Structures are given as structure tokens and as C-alpha cells.
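Undergrad: Coordinates in query.cif, mmCIF, C-alpha atoms, are listed below.
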```
data_input
#
loop_
_atom_site.label_atom_id
_atom_site.label_comp_id
_atom_site.auth_asym_id
_atom_site.auth_seq_id
_atom_site.Cartn_x
_atom_site.Cartn_y
_atom_site.Cartn_z
CA MET I 1 131.81 125.30 214.17
CA THR I 2 132.99 121.96 212.86
CA ALA I 3 132.31 120.06 209.66
CA CYS I 4 131.71 116.32 209.48
CA ALA I 5 132.04 114.68 206.08
CA THR I 6 129.70 111.70 206.36
CA GLU I 7 127.10 112.27 209.03
CA PRO I 8 123.84 110.29 208.84
CA ALA I 9 120.63 112.11 208.08
CA ALA I 10 119.63 114.26 211.02
CA GLU I 11 116.40 113.89 212.88
CA PRO I 12 114.02 116.59 211.68
CA GLY I 13 113.21 119.69 213.60
CA ASP I 14 114.43 123.08 214.65
CA GLU I 15 111.78 125.07 216.43
CA ARG I 16 113.46 128.32 215.42
CA ALA I 17 113.12 127.54 211.72
CA THR I 18 110.59 129.46 209.70
CA ARG I 19 107.57 127.55 208.45
CA PRO I 20 107.55 127.51 204.63
CA ALA I 21 104.94 129.77 203.15
CA ASP I 22 102.08 128.17 201.28
CA ALA I 23 100.95 129.00 197.77
CA THR I 24 99.13 132.13 198.88
CA THR I 25 101.72 133.55 201.24
CA ARG I 26 104.68 135.61 200.09
CA PRO I 27 108.01 135.10 201.87
CA VAL I 28 109.00 138.08 203.95
CA ASP I 29 111.92 140.10 202.61
CA ALA I 30 114.99 139.06 204.56
CA THR I 31 116.22 142.63 204.75
CA THR I 32 113.22 143.72 206.79
CA ARG I 33 113.34 140.91 209.32
CA PRO I 34 115.32 140.76 212.56
CA GLY I 35 118.79 139.32 212.15
CA ASP I 36 117.93 136.12 213.98
CA VAL I 37 114.96 135.22 211.74
CA ILE I 38 115.56 133.59 208.37
CA ALA I 39 113.23 134.26 205.45
CA ARG I 40 112.77 131.33 203.09
CA PRO I 41 111.12 131.50 199.67
CA THR I 42 108.15 129.34 198.78
CA CYS I 43 109.98 127.95 195.77
CA VAL I 44 113.63 128.13 194.63
CA ILE I 45 114.50 128.20 190.92
CA ALA I 46 117.91 127.12 189.63
CA ALA I 47 120.03 129.88 188.11
CA ASP I 48 119.56 128.56 184.56
CA GLY I 49 115.82 128.01 185.00
CA THR I 50 115.91 124.26 184.33
CA TYR I 51 114.60 123.08 187.69
CA ALA I 52 112.84 124.38 190.77
CA ALA I 53 112.35 122.90 194.22
CA ARG I 54 109.98 123.52 197.07
CA LEU I 55 108.70 121.93 200.26
CA ALA I 56 105.17 120.73 199.48
CA LEU I 57 102.39 119.68 201.82
CA ASP I 58 100.42 116.43 201.66
CA GLY I 59 97.86 116.51 204.41
CA ASP I 60 99.96 117.22 207.50
CA CYS I 61 103.22 115.95 205.98
CA TRP I 62 105.89 118.08 204.33
CA PHE I 63 108.04 116.60 201.56
CA PRO I 64 110.51 117.93 198.95
CA GLU I 65 109.28 118.35 195.41
CA ARG I 66 111.30 118.95 192.25
CA TRP I 67 109.84 120.82 189.30
CA THR I 68 111.19 120.40 185.75
CA LEU I 69 110.79 123.69 183.90
CA ASP I 70 112.77 123.32 180.65
CA GLY I 71 110.51 120.79 178.92
CA PRO I 72 107.38 121.23 176.80
CA GLU I 73 105.27 121.30 179.96
CA PRO I 74 106.35 121.73 183.59
CA TYR I 75 105.95 118.69 185.81
CA ALA I 76 106.67 117.86 189.45
CA VAL I 77 108.40 114.84 190.96
CA PRO I 78 107.86 114.20 194.69
CA LEU I 79 111.00 113.27 196.63
CA PRO I 80 109.72 111.99 199.97
CA SER I 81 112.16 110.57 202.49
CA HIS I 82 111.50 107.74 204.93
CA GLN I 83 109.82 110.24 207.22
CA PRO I 84 108.08 113.62 206.77
CA GLU I 85 110.22 116.74 206.79
CA GLU I 86 109.93 119.43 209.42
CA PRO I 87 108.56 122.89 208.59
CA GLY I 88 111.50 125.12 207.81
CA THR I 89 113.52 122.46 206.00
CA GLU I 90 115.31 124.12 203.08
CA VAL I 91 115.58 122.73 199.56
CA LEU I 92 117.59 123.99 196.58
CA PRO I 93 117.66 122.64 193.00
CA MET I 94 120.89 121.70 191.24
CA THR I 95 121.17 121.89 187.44
CA ASP I 96 121.76 118.13 187.18
CA GLY I 97 118.25 117.45 188.50
CA ARG I 98 119.14 116.60 192.09
CA VAL I 99 117.76 118.57 195.02
CA LEU I 100 119.86 119.68 197.96
CA ILE I 101 118.09 119.39 201.30
CA HIS I 102 119.15 121.08 204.54
CA ARG I 103 117.88 119.56 207.78
CA VAL I 104 118.49 120.77 211.33
CA ALA I 105 118.52 118.93 214.65
CA ASP I 106 120.25 119.76 217.95
CA GLY I 107 122.56 122.32 216.37
CA ARG I 108 123.66 119.97 213.59
CA HIS I 109 122.94 121.07 210.03
CA THR I 110 123.02 118.10 207.66
CA PHE I 111 123.04 118.23 203.86
CA SER I 112 121.99 115.59 201.34
CA LEU I 113 121.24 115.37 197.63
CA LEU I 114 117.90 113.82 196.73
CA TYR I 115 117.05 112.29 193.36
CA PRO I 116 114.26 110.09 191.95
CA THR I 117 114.96 106.34 191.72
CA GLY I 118 111.92 104.83 190.09
CA PRO I 119 109.24 104.56 192.77
CA GLY I 120 111.51 105.81 195.56
CA THR I 121 113.92 108.58 196.46
CA GLY I 122 117.68 108.23 196.44
CA GLU I 123 119.72 110.20 198.96
CA LEU I 124 123.43 111.02 198.87
CA LEU I 125 124.70 112.17 202.26
CA LEU I 126 127.10 115.10 201.99
CA GLY I 127 127.93 115.81 205.63
CA ALA I 128 127.10 118.27 208.36
CA VAL I 129 128.05 121.57 209.94
CA GLU I 130 127.66 121.91 213.70
CA CYS I 131 126.44 125.16 215.24
CA HIS I 132 125.76 124.64 218.94
CA ASP I 133 125.88 128.33 219.88
CA GLU I 134 122.34 129.58 220.57
CA ASP I 135 123.16 132.80 218.73
CA SER I 136 124.15 130.94 215.56
CA ARG I 137 122.01 130.62 212.46
CA LEU I 138 122.73 128.79 209.20
CA TRP I 139 120.79 128.89 205.95
CA LEU I 140 121.31 128.22 202.26
CA LEU I 141 122.37 131.02 199.94
CA PRO I 142 120.53 131.52 196.62
CA PRO I 143 121.48 129.08 193.84
CA ALA I 144 125.01 129.65 192.57
CA PRO I 145 125.31 130.78 188.92
CA ASP I 146 127.10 127.60 187.82
CA GLY I 147 124.37 125.34 189.23
CA GLU I 148 126.92 122.75 190.37
CA HIS I 149 127.78 124.17 193.78
CA ALA I 150 125.67 125.22 196.74
CA TYR I 151 126.66 127.51 199.60
CA ALA I 152 125.42 128.31 203.08
CA LEU I 153 125.82 131.26 205.40
CA ALA I 154 126.49 130.57 209.09
CA VAL I 155 126.02 133.62 211.32
CA SER I 156 127.46 133.56 214.83
CA ARG I 157 127.72 136.24 217.51
CA ASP I 158 130.59 138.25 216.01
CA SER I 159 131.27 136.83 212.55
CA THR I 160 129.75 135.10 209.55
CA ALA I 161 131.11 132.02 207.81
CA VAL I 162 130.59 131.05 204.17
CA TRP I 163 130.41 127.29 203.62
CA LEU I 164 130.50 125.24 200.43
CA VAL I 165 127.95 122.53 201.22
CA ALA I 166 127.53 120.80 197.82
CA GLY I 167 129.94 120.37 194.94
CA GLY I 168 133.08 120.07 197.03
CA ALA I 169 135.42 117.09 197.24
CA PHE I 170 135.22 116.26 200.94
CA GLY I 171 131.83 117.31 202.27
CA PRO I 172 131.12 120.81 203.62
CA GLU I 173 134.13 123.15 203.29
CA HIS I 174 134.68 126.37 205.22
CA LEU I 175 135.56 129.04 202.62
CA ALA I 176 135.56 132.40 204.36
CA GLU I 177 135.02 134.20 207.67
CA VAL I 178 133.57 137.70 207.52
CA PRO I 179 133.68 139.94 210.62
CA GLY I 180 130.20 141.03 211.73
CA ARG I 181 126.74 139.51 211.39
CA CYS I 182 125.68 139.19 207.76
CA SER I 183 122.37 138.61 206.02
CA GLY I 184 121.15 138.63 202.44
CA GLY I 185 123.33 137.02 199.81
CA VAL I 186 123.48 138.10 196.15
CA TRP I 187 125.79 136.74 193.44
CA LEU I 188 127.57 139.51 191.53
CA ASP I 189 129.12 137.53 188.68
CA GLY I 190 128.33 134.55 186.48
CA THR I 191 130.88 132.18 188.02
CA GLY I 192 129.92 132.11 191.69
CA ARG I 193 133.09 133.81 192.88
CA LEU I 194 131.83 137.23 194.00
CA LEU I 195 129.19 137.23 196.74
CA ALA I 196 127.51 140.33 198.18
CA LEU I 197 126.46 140.22 201.84
CA ASP I 198 124.67 142.79 203.99
CA ARG I 199 126.94 143.17 207.01
CA CYS I 200 125.81 144.69 210.30
CA LEU I 201 128.81 146.20 212.04
CA ASP I 202 128.93 148.97 214.66
CA GLY I 203 125.18 149.42 214.47
CA ARG I 204 124.99 150.05 210.71
CA THR I 205 124.27 147.70 207.83
CA LYS I 206 126.34 148.05 204.66
CA THR I 207 126.77 145.68 201.72
CA VAL I 208 130.21 144.18 201.21
CA ALA I 209 131.59 141.98 198.41
CA VAL I 210 133.28 138.72 199.40
CA ASP I 211 135.74 137.28 196.87
CA LEU I 212 135.60 133.51 197.36
CA GLY I 213 138.44 133.10 194.88
CA ARG I 214 140.81 135.10 197.09
CA GLY I 215 140.22 133.49 200.43
CA GLY I 216 137.14 135.53 201.31
CA GLU I 217 138.66 138.98 200.74
CA VAL I 218 136.10 141.60 201.82
CA THR I 219 135.57 144.84 199.90
CA PRO I 220 133.06 147.63 200.69
CA LEU I 221 130.41 147.65 197.97
CA LEU I 222 127.46 149.79 199.02
CA GLN I 223 127.87 152.83 201.27
CA ILE I 224 125.44 155.55 200.33
CA SER I 225 126.02 157.65 203.45
CA GLU I 226 127.67 157.14 206.81
CA ASP I 227 124.40 157.04 208.74
CA SER I 228 122.27 154.99 206.34
CA ASP I 229 121.46 151.29 206.36
CA ASP I 230 122.11 150.05 202.82
CA ARG I 231 121.24 146.56 201.55
CA LEU I 232 121.57 144.89 198.17
CA LEU I 233 118.46 142.93 197.15
CA LEU I 234 119.20 141.80 193.58
CA ALA I 235 121.97 142.09 191.00
CA ASP I 236 122.22 141.22 187.32
CA ALA I 237 125.66 140.14 186.12
CA ASP I 238 124.96 140.96 182.45
CA SER I 239 123.93 144.59 182.80
CA GLY I 240 125.28 145.39 186.26
CA LEU I 241 121.85 146.56 187.45
CA LEU I 242 121.52 146.60 191.25
CA LEU I 243 118.29 146.79 193.27
CA ILE I 244 118.88 148.41 196.66
CA ARG I 245 116.96 149.07 199.85
CA SER I 246 118.18 152.03 201.91
CA ASP I 247 116.99 154.70 204.29
CA ALA I 248 119.47 157.26 202.92
CA PRO I 249 116.83 159.44 201.17
CA SER I 250 114.34 159.16 204.06
CA PRO I 251 116.09 158.48 207.39
CA GLY I 252 114.20 155.85 209.34
CA HIS I 253 112.17 154.72 206.32
CA ASP I 254 113.51 152.21 203.81
CA ARG I 255 113.19 153.04 200.10
CA LEU I 256 113.81 150.98 196.98
CA GLY I 257 116.50 152.28 194.68
CA TRP I 258 118.66 151.23 191.76
CA GLY I 259 122.22 151.71 190.59
CA VAL I 260 124.75 150.18 188.23
CA LEU I 261 127.79 148.24 189.36
CA GLY I 262 130.93 150.29 188.64
CA SER I 263 128.99 153.36 187.48
CA THR I 264 129.75 156.92 188.56
CA LEU I 265 126.07 157.86 188.56
CA PRO I 266 124.22 158.30 191.88
CA ILE I 267 121.74 155.82 193.29
CA ARG I 268 118.18 156.64 192.20
CA PHE I 269 115.09 156.17 194.37
CA PRO I 270 112.06 156.32 192.02
CA ASP I 271 108.85 157.60 193.51
CA CYS I 272 106.85 154.96 191.62
CA LEU I 273 108.45 152.25 193.81
CA ARG I 274 107.22 153.95 196.98
CA ALA I 275 103.76 153.22 198.35
CA THR I 276 102.06 154.07 201.64
CA ASP I 277 99.84 151.00 201.82
CA CYS I 278 101.91 148.29 200.10
CA ALA I 279 105.16 146.40 200.56
CA VAL I 280 107.19 146.21 197.35
CA THR I 281 109.90 143.54 196.96
CA PRO I 282 111.87 142.85 193.76
CA PHE I 283 112.40 139.15 193.00
CA ALA I 284 113.75 138.84 189.44
CA ILE I 285 115.72 140.89 186.87
CA GLN I 286 115.64 140.32 183.11
CA PRO I 287 119.07 138.98 182.01
CA GLY I 288 120.97 139.55 178.78
CA GLN I 289 120.61 143.33 178.61
CA VAL I 290 124.35 144.06 178.31
CA LEU I 291 125.18 147.79 178.49
CA THR I 292 121.49 148.70 178.89
CA PRO I 293 120.62 148.25 182.58
CA GLU I 294 117.96 150.96 182.38
CA ARG I 295 115.97 148.71 180.02
CA CYS I 296 116.05 145.60 182.24
CA ALA I 297 112.57 144.51 183.30
CA VAL I 298 112.31 143.97 187.06
CA ALA I 299 109.60 141.78 188.60
CA LEU I 300 108.13 143.04 191.87
CA CYS I 301 105.99 141.28 194.45
CA ILE I 302 103.50 143.80 195.81
CA ASP I 303 101.62 143.09 199.02
CA GLY I 304 98.69 145.31 199.85
CA PRO I 305 95.20 145.28 201.34
CA ALA I 306 93.89 143.59 198.17
CA GLY I 307 96.42 140.74 198.47
CA SER I 308 99.61 140.03 196.55
CA TRP I 309 100.19 140.73 192.89
CA VAL I 310 102.98 141.25 190.35
CA GLY I 311 104.54 144.51 189.29
CA VAL I 312 106.82 145.04 186.29
CA TRP I 313 109.11 148.06 186.21
CA ARG I 314 112.15 149.28 184.28
CA PRO I 315 114.57 151.98 185.42
CA ILE I 316 113.95 153.87 182.17
CA GLU I 317 110.26 154.17 183.02
CA ARG I 318 108.54 156.16 185.73
CA GLN I 319 105.66 153.79 186.31
CA VAL I 320 104.98 150.26 187.54
CA HIS I 321 102.80 147.98 185.45
CA HIS I 322 100.46 146.05 187.77
CA LEU I 323 99.48 142.50 186.74
CA SER I 324 97.31 139.83 188.32
CA PRO I 325 99.28 136.69 189.15
CA PRO I 326 97.94 133.21 188.39
CA GLU I 327 95.80 131.52 191.01
CA GLY I 328 98.03 129.65 193.45
CA TRP I 329 101.12 131.68 192.54
CA LEU I 330 104.12 130.66 194.63
CA ALA I 331 104.37 134.28 195.65
CA GLY I 332 107.66 136.10 195.29
CA THR I 333 108.97 133.49 192.84
CA GLY I 334 109.60 133.84 189.11
CA LEU I 335 112.19 133.92 186.35
CA TRP I 336 112.79 136.20 183.38
CA THR I 337 113.92 135.04 179.94
CA ARG I 338 116.29 137.17 177.89
CA GLU I 339 113.38 137.97 175.59
CA GLY I 340 111.41 139.60 178.40
CA VAL I 341 108.98 136.81 179.29
CA LEU I 342 108.27 136.43 183.00
CA GLN I 343 107.59 132.85 184.15
CA LEU I 344 105.48 132.58 187.31
CA PRO I 345 105.15 129.13 188.96
CA TYR I 346 101.85 128.22 190.60
CA ALA I 347 100.17 125.24 192.23
CA THR I 348 96.46 124.58 192.73
CA GLY I 349 94.32 121.55 193.45
CA ALA I 350 93.56 121.18 189.76
CA VAL I 351 97.07 122.04 188.50
CA PRO I 352 99.69 120.88 191.02
CA CYS I 353 102.57 122.15 188.85
CA GLY I 354 102.04 125.05 186.49
CA VAL I 355 103.88 128.04 185.01
CA THR I 356 102.21 131.15 183.63
CA LYS I 357 104.19 133.16 181.09
CA VAL I 358 103.72 136.92 180.98
CA THR I 359 105.34 139.15 178.37
CA ALA I 360 106.73 142.37 179.79
CA PRO I 361 104.92 145.51 178.61
CA ALA I 362 106.72 147.38 175.84
CA VAL I 363 109.19 150.03 176.91
CA ALA I 364 107.82 153.55 176.84
CA VAL I 365 110.87 155.33 175.41
CA PRO I 366 111.15 158.98 176.45
CA ALA I 367 111.73 161.68 173.88
CA GLU I 368 115.43 161.82 174.76
CA ALA I 369 116.69 158.44 175.88
CA PRO I 370 119.59 158.62 178.33
CA PRO I 371 123.01 157.60 176.99
CA PRO I 372 124.13 154.05 177.78
CA PRO I 373 126.14 153.83 181.01
CA GLU I 374 129.72 152.70 181.23
CA ARG I 375 130.35 148.97 181.01
CA PRO I 376 130.36 147.48 184.52
CA ALA I 377 133.73 146.63 185.95
CA ALA I 378 134.81 143.00 186.04
CA ARG I 379 135.41 143.27 189.80
CA PRO I 380 132.86 145.00 192.00
CA VAL I 381 133.70 148.68 192.38
CA PRO I 382 132.28 150.20 195.57
CA LEU I 383 129.50 152.55 194.55
CA GLN I 384 130.82 155.14 196.97
CA GLN I 385 134.33 154.88 195.51
CA ALA I 386 133.52 154.55 191.81
CA PRO I 387 136.19 156.23 189.62
CA LEU I 388 135.15 159.55 188.12
CA SER I 389 136.18 159.69 184.46
CA GLY I 390 138.43 162.55 183.46
CA GLN I 391 139.30 163.64 187.01
CA SER I 392 142.61 163.38 188.76
CA SER I 393 142.80 161.42 191.99
CA ALA I 394 143.17 164.65 193.93
CA LYS I 395 139.80 165.89 192.65
CA ARG I 396 137.84 162.71 193.16
CA ARG I 397 135.13 162.68 195.79
CA PRO I 398 133.14 159.75 197.14
CA LEU I 399 129.97 159.14 195.14
CA ALA I 400 127.56 159.58 198.03
CA ALA I 401 129.40 162.68 199.25
CA ARG I 402 128.85 164.58 195.98
CA PRO I 403 126.14 167.20 196.34
CA ALA I 404 123.16 165.93 194.35
CA PRO I 405 120.08 167.89 193.30
CA GLU I 406 116.64 166.52 194.04
CA ASP I 407 116.57 164.65 190.71
CA GLU I 408 119.78 162.68 191.37
CA ALA I 409 120.96 160.45 194.21
CA VAL I 410 118.11 160.93 196.63
CA ARG I 411 115.46 162.31 194.36
CA THR I 412 111.96 160.84 194.04
CA GLU I 413 111.32 160.33 190.35
CA GLY I 414 107.88 160.48 188.83
CA GLY I 415 106.93 164.07 189.54
CA PRO I 416 105.46 165.75 192.62
CA GLY I 417 102.94 164.26 194.92
CA GLY I 418 105.02 162.29 197.39
CA GLU I 419 104.14 158.68 198.03
CA ASN I 420 101.88 156.67 195.72
CA ARG I 421 98.97 154.46 196.51
CA SER I 422 99.40 151.41 194.34
CA PRO I 423 96.37 150.65 192.15
CA ALA I 424 94.74 147.26 192.07
CA PRO I 425 96.35 144.84 189.62
CA VAL I 426 94.99 144.35 186.13
CA PRO I 427 94.76 140.96 184.40
CA ALA I 428 97.99 139.82 182.72
#
```
Would it be possible to restate this file's structure as C-alpha cells?
TA:
Amino acid sequence: MTACATEPAAEPGDERATRPADATTRPVDATTRPGDVIARPTCVIAADGTYAARLALDGDCWFPERWTLDGPEPYAVPLPSHQPEEPGTEVLPMTDGRVLIHRVADGRHTFSLLYPTGPGTGELLLGAVECHDEDSRLWLLPPAPDGEHAYALAVSRDSTAVWLVAGGAFGPEHLAEVPGRCSGGVWLDGTGRLLALDRCLDGRTKTVAVDLGRGGEVTPLLQISEDSDDRLLLADADSGLLLIRSDAPSPGHDRLGWGVLGSTLPIRFPDCLRATDCAVTPFAIQPGQVLTPERCAVALCIDGPAGSWVGVWRPIERQVHHLSPPEGWLAGTGLWTREGVLQLPYATGAVPCGVTKVTAPAVAVPAEAPPPPERPAARPVPLQQAPLSGQSSAKRRPLAARPAPEDEAVRTEGGPGGENRSPAPVPA
């Protein structure tokens, strides 16, 4: 791969790119797709919630659109280029109001920043990354916590490269090379230094932490058992709450679980997050809940025979609250406030840019609330290798290797009865 600092805008089109989902279609969870298919969200929200960006459709023409979310009312600004964009073109909002766009043509991935200039659209060319290998894929990572930088993941046959594609001094910069094919991408801290990737190596997928401040140093992060495929879906830097998908409790069948970064407690796989007829995907965690990860509200996108709706769940509870989303919800997209208000963007013919605010249901506190967990470590501590307080090094055992009763690491919380059939959603 090579980087070019000032390439002109690429011609649109990459037939392998995924068509952006419309307002009624939820993006497929990247962890459940083949490694050579990239899942793209319908709408991307900046880390601080000020802006959002999406690829909108006008007739048969796709164009970037920026949403302003931090004002009295949300509003959209179209950012069309001199020609329509191709399906699969990625966009990502920056906190200064510009929108990063990623275009692909003939193995060349070009990056530009778009911004409104009165009646037109301004475009600042950033450069390009070339990936001519047919086995290579490149896509944007989720918005960085600082909002000033943007990163991309380039997966080749035997390794994965992390690129800084916006915010650098000289165009795209190669930051790290990770052995193995990686997917996912979750930020573990509030600075954009620690990145979690799901790495497939030797036939198994395990999450590793990549320290971009130390030249891409790779550390094992999530290893529940030797034979399981373990992926990190979401992480909250304030509380350390992690949302995980793994087949450790049910070999061959993925389950949703949760843990705490740096904790000595086992991973839990609640039965209420398991359904026979629905796909459940977490998409947002309530921030600001320092030292109380079990009280963080988690937003879930639930796909079932009745369509897609919103679920709200907390680790402290043993139930999912089912809510009807607004009409035209940009499915799988939303943002929590610290106060527990879930903001759901939607677009309809009558309201082309709207946000519905839903207050999380009150916490049902059990008779004996569990004690607060240890404060998460500043650096990611592998969940399998978390230090056990009060034990000598000779007595320590890997977390996943400790024998756990049914109500611990691989238990199904919520009582007997096996899998649940999710009820229909109720109005928010």
C-alpha cells in the first residue's frame, strides 16, 4: 500500500462496496458478516454528538448530508459534489462541522473534507491510499473521541494497517501494522490512543488492543476461552463497560455478553439478551457513569418478524425494555446523554431531519444491589489476565480458566426457560 498526499478526487465506484441502508433498513452487524464484506451504518454521529453525517438519496442520486444536532432544533445541510456519489461511499462527521468523505475507484481510496460554502460545497483534498490487491479492503473506523482526527482500517491478506486519514500534517499516515485480518474497531479511551480490533488469526477471532501512541503495540484484550470466537462490539471509557459477542457459552452460537475493562469478574451472558426469532445488536452506551457500569443504559437495535425497534437494557436489570422507534428511524443509530436520554435520528418525507428523545426507564434496583466494581485500569487489562486482588502471582489463574458456576461467566441470567421470544415493542 502507498499513500499519496494530494491526489485529485477519485472517480466514484467500487462494485464491492456495500450500498448504504435506507431509513428503514438497519445496517448489518459487522461481526456477523464475512470478513470481506464491510458493514456501514445509515448515519454516523460525532463522538461529542454535535454533528452527524449520512449519504442521502435524491431521486437516483446519492449525496452527503450533514446534520447539526447541538442547536435548538436539528437541521440538515446537503453537501453535493460536482457529480453524484456512488452507493457505498462513506462519510464521517468532524466536530468542526466538516464531513470526511471516502471514495473508491480502481483500488485508490481518496479522502476529502466537505464543508458548506454558501450555495455550494467546498472540498479540501487530503490524499489517497492505494490498495490494488484484490484481497484488500479499506473502511473508516468509528469517529475518534477527540473529533479532530479520523482513521481507517486497511485489511490485506495477512495483516491489517491502521491509517490516519484526517487530522495529520501530510495527508494519510500509516500508523500501525497488525498481523492477521482484523474487523470491528472500538475506541477504549477518551483520547483516541487505544483501539480495540477483532483479529482473526489461526482460525479464531479474538479482540486485541492496539496502542497507537506506542507504534501500534498489540496486547491481547478479550480471550474468554481457547476455542471461542470473541468480539468487542462497544466500550464506554467512563465506566469501562464492554459489550461482547462470543460463542463461549454456546459453542457455534453467538451470544451477547458484558464485562468491565480491568475487572476480575467473569463475563456475563444475560438470558434476556438472547432471542430465538430476533437479532439483537447494541449501538450506544450511556456515558458518564463512572464506577457504576452496571447502571449504564445500553441501546439495542432489535430486528424481528415485526420489523426493527429499540431496546433499552442495563446490566443491573434482568429485562429489556422494548420501545417503538420514530417513523423513518435511521436504524441502528443513536446517542445517549449523561442524563439517560436516548436521541434517535430519523428522516421522513415530512421531516427530512429529526431527532426523537427518549428517556431511559428508571432502574429497577434489586433488594441487594451489587457492590461497585473496581475502577477500570488506565491501560486495557486483558480480561483473561486481569489481576486477582489479594492473591500472589503463583496462585493467579486466567479469568476464563477459573471454574464458574452457572450464574457466573457463562450463565444465562433471568431465570430458567432458555431462550426468550422478544415481545413486540411498546410506544416510547
Undergrad: Within 7 Å of segment 240-245 of chain I, counting all atoms listed in the file, which residues show up once you throw out same-chain ones fewer than 5 positions away? Write them as an NGL selection string, please.
TA: :I and (230-235 or 254-261 or 293 or 376)
Undergrad: For C-alpha atoms, I'd like the residues from the last selection saved as a PDB file, in the frame of the given file.
TA:
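That gives us selection12.pdb:
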```pdb
ATOM      1  CA  ASP I 230     122.110 150.050 202.820  1.00  0.00           C
ATOM      2  CA  ARG I 231     121.240 146.560 201.550  1.00  0.00           C
ATOM      3  CA  LEU I 232     121.570 144.890 198.170  1.00  0.00           C
ATOM      4  CA  LEU I 233     118.460 142.930 197.150  1.00  0.00           C
ATOM      5  CA  LEU I 234     119.200 141.800 193.580  1.00  0.00           C
ATOM      6  CA  ALA I 235     121.970 142.090 191.000  1.00  0.00           C
ATOM      7  CA  ASP I 254     113.510 152.210 203.810  1.00  0.00           C
ATOM      8  CA  ARG I 255     113.190 153.040 200.100  1.00  0.00           C
ATOM      9  CA  LEU I 256     113.810 150.980 196.980  1.00  0.00           C
ATOM     10  CA  GLY I 257     116.500 152.280 194.680  1.00  0.00           C
ATOM     11  CA  TRP I 258     118.660 151.230 191.760  1.00  0.00           C
ATOM     12  CA  GLY I 259     122.220 151.710 190.590  1.00  0.00           C
ATOM     13  CA  VAL I 260     124.750 150.180 188.230  1.00  0.00           C
ATOM     14  CA  LEU I 261     127.790 148.240 189.360  1.00  0.00           C
ATOM     15  CA  PRO I 293     120.620 148.250 182.580  1.00  0.00           C
ATOM     16  CA  PRO I 376     130.360 147.480 184.520  1.00  0.00           C
TER      17      PRO I 376
END
```
Undergrad: Could you expand the PyMOL selection byres ((chain I and resi 220) around 8) into the explicit residues it covers here, written as a PyMOL selection string?
TA: chain I and resi 206-209+218-219+221-223+382
Undergrad: Go through I:Ala331, I:Leu195, I:Ala237, I:Ala128 one by one, measure the shortest atom-to-atom distance of each to Ala347 of chain I using only C-alpha atoms, and give the residue with the smallest value.
TA: I:Ala331
Undergrad: Report as a PDB file with C-alpha atoms, in the coordinates of the input the full result of the PyMOL selection byres ((chain I and resi 306-322) around 6) when it is applied to this structure.
TA:
```
ATOM      1  CA  CYS I 272     106.850 154.960 191.620  1.00  0.00           C
ATOM      2  CA  GLU I 294     117.960 150.960 182.380  1.00  0.00           C
ATOM      3  CA  ARG I 295     115.970 148.710 180.020  1.00  0.00           C
ATOM      4  CA  CYS I 296     116.050 145.600 182.240  1.00  0.00           C
ATOM      5  CA  ALA I 297     112.570 144.510 183.300  1.00  0.00           C
ATOM      6  CA  VAL I 298     112.310 143.970 187.060  1.00  0.00           C
ATOM      7  CA  ALA I 299     109.600 141.780 188.600  1.00  0.00           C
ATOM      8  CA  LEU I 300     108.130 143.040 191.870  1.00  0.00           C
ATOM      9  CA  CYS I 301     105.990 141.280 194.450  1.00  0.00           C
ATOM     10  CA  ILE I 302     103.500 143.800 195.810  1.00  0.00           C
ATOM     11  CA  ASP I 303     101.620 143.090 199.020  1.00  0.00           C
ATOM     12  CA  GLY I 304      98.690 145.310 199.850  1.00  0.00           C
ATOM     13  CA  PRO I 305      95.200 145.280 201.340  1.00  0.00           C
ATOM     14  CA  LEU I 323      99.480 142.500 186.740  1.00  0.00           C
ATOM     15  CA  SER I 324      97.310 139.830 188.320  1.00  0.00           C
ATOM     16  CA  PRO I 325      99.280 136.690 189.150  1.00  0.00           C
ATOM     17  CA  GLY I 414     107.880 160.480 188.830  1.00  0.00           C
ATOM     18  CA  PRO I 425      96.350 144.840 189.620  1.00  0.00           C
ATOM     19  CA  VAL I 426      94.990 144.350 186.130  1.00  0.00           C
TER      20      VAL I 426
END
```
Undergrad: To one decimal in Å, tell me the separation between atom CA of Asp96 of chain I and atom CA of Arg193 of chain I.
TA: 20.2 Å
Undergrad: Quick one: pull the distance between atom CA of Gly122 of chain I and atom CA of Leu79 of chain I, Å, one decimal.
TA: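 The value is 8.4 Å.
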Undergrad: From the block I gave, I'd like segment 116-120 of chain I written with all heavy atoms, as a compact mmCIF listing (two decimals), in the first residue's frame.
TA:
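Everything below was put into out.txt:
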```
# COMPACT_ATOMS: atom_id res chain seq x y z
N PRO I 116 -19.91 23.43 3.82
CA PRO I 116 -20.79 24.32 3.06
C PRO I 116 -20.12 25.66 2.77
O PRO I 116 -19.42 26.22 3.63
CB PRO I 116 -22.00 24.48 3.98
CG PRO I 116 -21.48 24.20 5.35
CD PRO I 116 -20.37 23.21 5.19
N THR I 117 -20.31 26.17 1.56
CA THR I 117 -19.78 27.47 1.16
C THR I 117 -20.89 28.26 0.48
O THR I 117 -20.90 28.40 -0.75
CB THR I 117 -18.59 27.33 0.21
OG1 THR I 117 -19.01 26.56 -0.94
CG2 THR I 117 -17.42 26.64 0.86
N GLY I 118 -21.83 28.73 1.28
CA GLY I 118 -22.95 29.45 0.69
C GLY I 118 -23.81 28.49 -0.10
O GLY I 118 -24.28 27.48 0.42
N PRO I 119 -23.98 28.76 -1.40
CA PRO I 119 -24.84 27.85 -2.20
C PRO I 119 -24.14 26.58 -2.63
O PRO I 119 -24.78 25.67 -3.15
CB PRO I 119 -25.18 28.71 -3.42
CG PRO I 119 -24.01 29.63 -3.57
CD PRO I 119 -23.54 29.93 -2.18
N GLY I 120 -22.83 26.48 -2.46
CA GLY I 120 -22.10 25.32 -2.95
C GLY I 120 -21.46 24.51 -1.85
O GLY I 120 -21.74 24.68 -0.67
```
